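K.L.:
Can you read through this structure? Questions will come right after.
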Amino acid sequence: MERRTLLAAGGAAALMTGCVVQRVPATNSAPAPSTAPPTTGAPATTNAPAPGPAPLAKVADIPAGGGVILKDQSLVLTKDAGGKICAFSAICTHQGCAVTGVGNGTIDCACHGSKFDATTGERVAGPAKNPLPAVAFEQRDGAIFKAS
Ligand code: FES
């Protein structure tokens, strides 16, 4: 299915790169109806879906006007005052330090003072010449997940 079709389809989940919203169809988590005849005397089994991937963060845990740095994933999640979530690499494009803070509209690297716009990843100050790369993610059920 082409991305344009996905955009038209709408759905409950949103796949995002950086801060650009791209709608994807909602996942049908209900188990398919069984056509097998009922069994007797056999141990009970469940049709429960396998647990999905753990969320990277809950949307509510990302402060508005700030962000969170996920060191293990080398990822920084930001939220603007309106609640829009963005995701970027947490590796500074200057010399590869991990960024150290988010605030006042910027993602900051303490190594040499580079600052990046928290909604675009563009460099706004310091020696870095390139923006922080945007990272694709999914926002659903009040949480942020790694894009599948
Ligand atoms: S590594 Fe980030 S400013 Fe130099």
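To be explicit about the labels: the chains of the structure tokens are called A, B, and onward in the order shown, and within each one the residues are counted from 1, while ligands get numbers from 1 in the order they are shown.
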Neighbouring residues of ligand 1 are defined here as those with any atom at most 8 Å from a ligand atom, counting only C-alpha atoms and all ligand atoms; list them as a ChimeraX atom specification.

P.N.:
/A:91-99,108-115,126-128

K.L.:
Do you know which residues are at most 8 Å from Phe137 of chain A counting only C-alpha atoms, after dropping those on the same chain fewer than 2 positions away, and could you put them as JSON, numbers by chain?

P.N.:
{"A": [15, 16, 17, 87, 135, 139, 144, 145, 146, 147, 148]}

K.L.:
Filtering to N, CA and C atoms, could you give me those residues as a compact mmCIF listing (two decimals), in the first residue's frame?

P.N.:
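again.txt, written as the output of this step:
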```
# COMPACT_ATOMS: atom_id res chain seq x y z
N LEU A 15 2.41 6.96 12.33
CA LEU A 15 3.84 6.74 12.11
C LEU A 15 4.44 8.09 11.80
N MET A 16 5.51 8.42 12.47
CA MET A 16 6.07 9.75 12.33
C MET A 16 7.56 9.67 12.12
N THR A 17 8.05 10.59 11.32
CA THR A 17 9.48 10.77 11.17
C THR A 17 9.76 12.21 11.56
N ALA A 87 11.11 13.13 17.26
CA ALA A 87 12.18 12.21 17.66
C ALA A 87 13.41 12.45 16.80
N VAL A 135 14.16 10.72 13.52
CA VAL A 135 13.99 9.27 13.69
C VAL A 135 12.50 8.93 13.60
N GLN A 139 3.25 6.72 17.36
CA GLN A 139 2.56 7.20 18.56
C GLN A 139 1.19 6.54 18.60
N ILE A 144 5.00 6.16 22.88
CA ILE A 144 5.87 6.26 21.71
C ILE A 144 6.56 4.91 21.55
N PHE A 145 6.51 4.41 20.31
CA PHE A 145 7.14 3.12 19.99
C PHE A 145 8.12 3.32 18.85
N LYS A 146 9.12 2.46 18.83
CA LYS A 146 10.03 2.41 17.69
C LYS A 146 9.22 2.07 16.45
N ALA A 147 9.47 2.75 15.35
CA ALA A 147 8.73 2.47 14.11
C ALA A 147 9.01 1.05 13.66
N SER A 148 7.96 0.38 13.20
CA SER A 148 8.14 -1.00 12.73
C SER A 148 8.37 -1.03 11.24
```

K.L.:
Calculated over only C-alpha atoms, which of the candidates A:Gly67, A:Pro133, A:Gly121, A:Pro53 has the smallest distance to Thr100 of chain A?

P.N.:
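Smallest separation from Thr100 of chain A among the options: A:Gly67.
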
K.L.:
I'd like the interatomic distance between atom CA of Gln73 of chain A and atom CA of Thr119 of chain A, to a tenth of an Å.

P.N.:
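Between atom CA of Gln73 of chain A and atom CA of Thr119 of chain A the gap is 19.0 Å.
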
K.L.:
Which residue gives the smallest distance to Lys58 of chain A among A:Lys129, A:Lys71, A:Arg123, A:Lys79, with only C-alpha atoms counted?

P.N.:
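Closest to Lys58 of chain A of all the choices is A:Lys79.
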
K.L.:
Using only C-alpha atoms, which of the listed residues (A:Pro63, A:Ala118, A:Asn130, A:Ala57) sits closest to Phe88 of chain A?

P.N.:
A:Ala118

K.L.:
Using atom CA of Val76 of chain A and atom CA of Gly101 of chain A as the two end points, give the distance in Å to one decimal.

P.N.:
9.1 Å

K.L.:
List every residue of segment 36-147 of chain A that DSSP, applied to the backbone, labels as helix (DSSP H, G or I), and write the result as a list of chain:residue names.

P.N.:
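Secondary structure check on segment 36-147 of chain A, helix (DSSP H, G or I): A:Val59, A:Ala60, A:Asp61, A:Lys71, A:Asp72, A:Gln73.
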
K.L.:
One decimal, Å: what's the distance from atom CA of Thr78 of chain A over to atom CA of Pro51 of chain A, could you say?

P.N.:
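Taking atom CA of Thr78 of chain A and atom CA of Pro51 of chain A, their separation equals 26.6 Å.
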
K.L.:
Calculated over only C-alpha atoms, which of the candidates A:Ala81, A:Ala54, A:Ala143, A:Ala90 has the smallest distance to Gly105 of chain A?

P.N.:
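Using only C-alpha atoms, Gly105 of chain A sits closest to A:Ala81.
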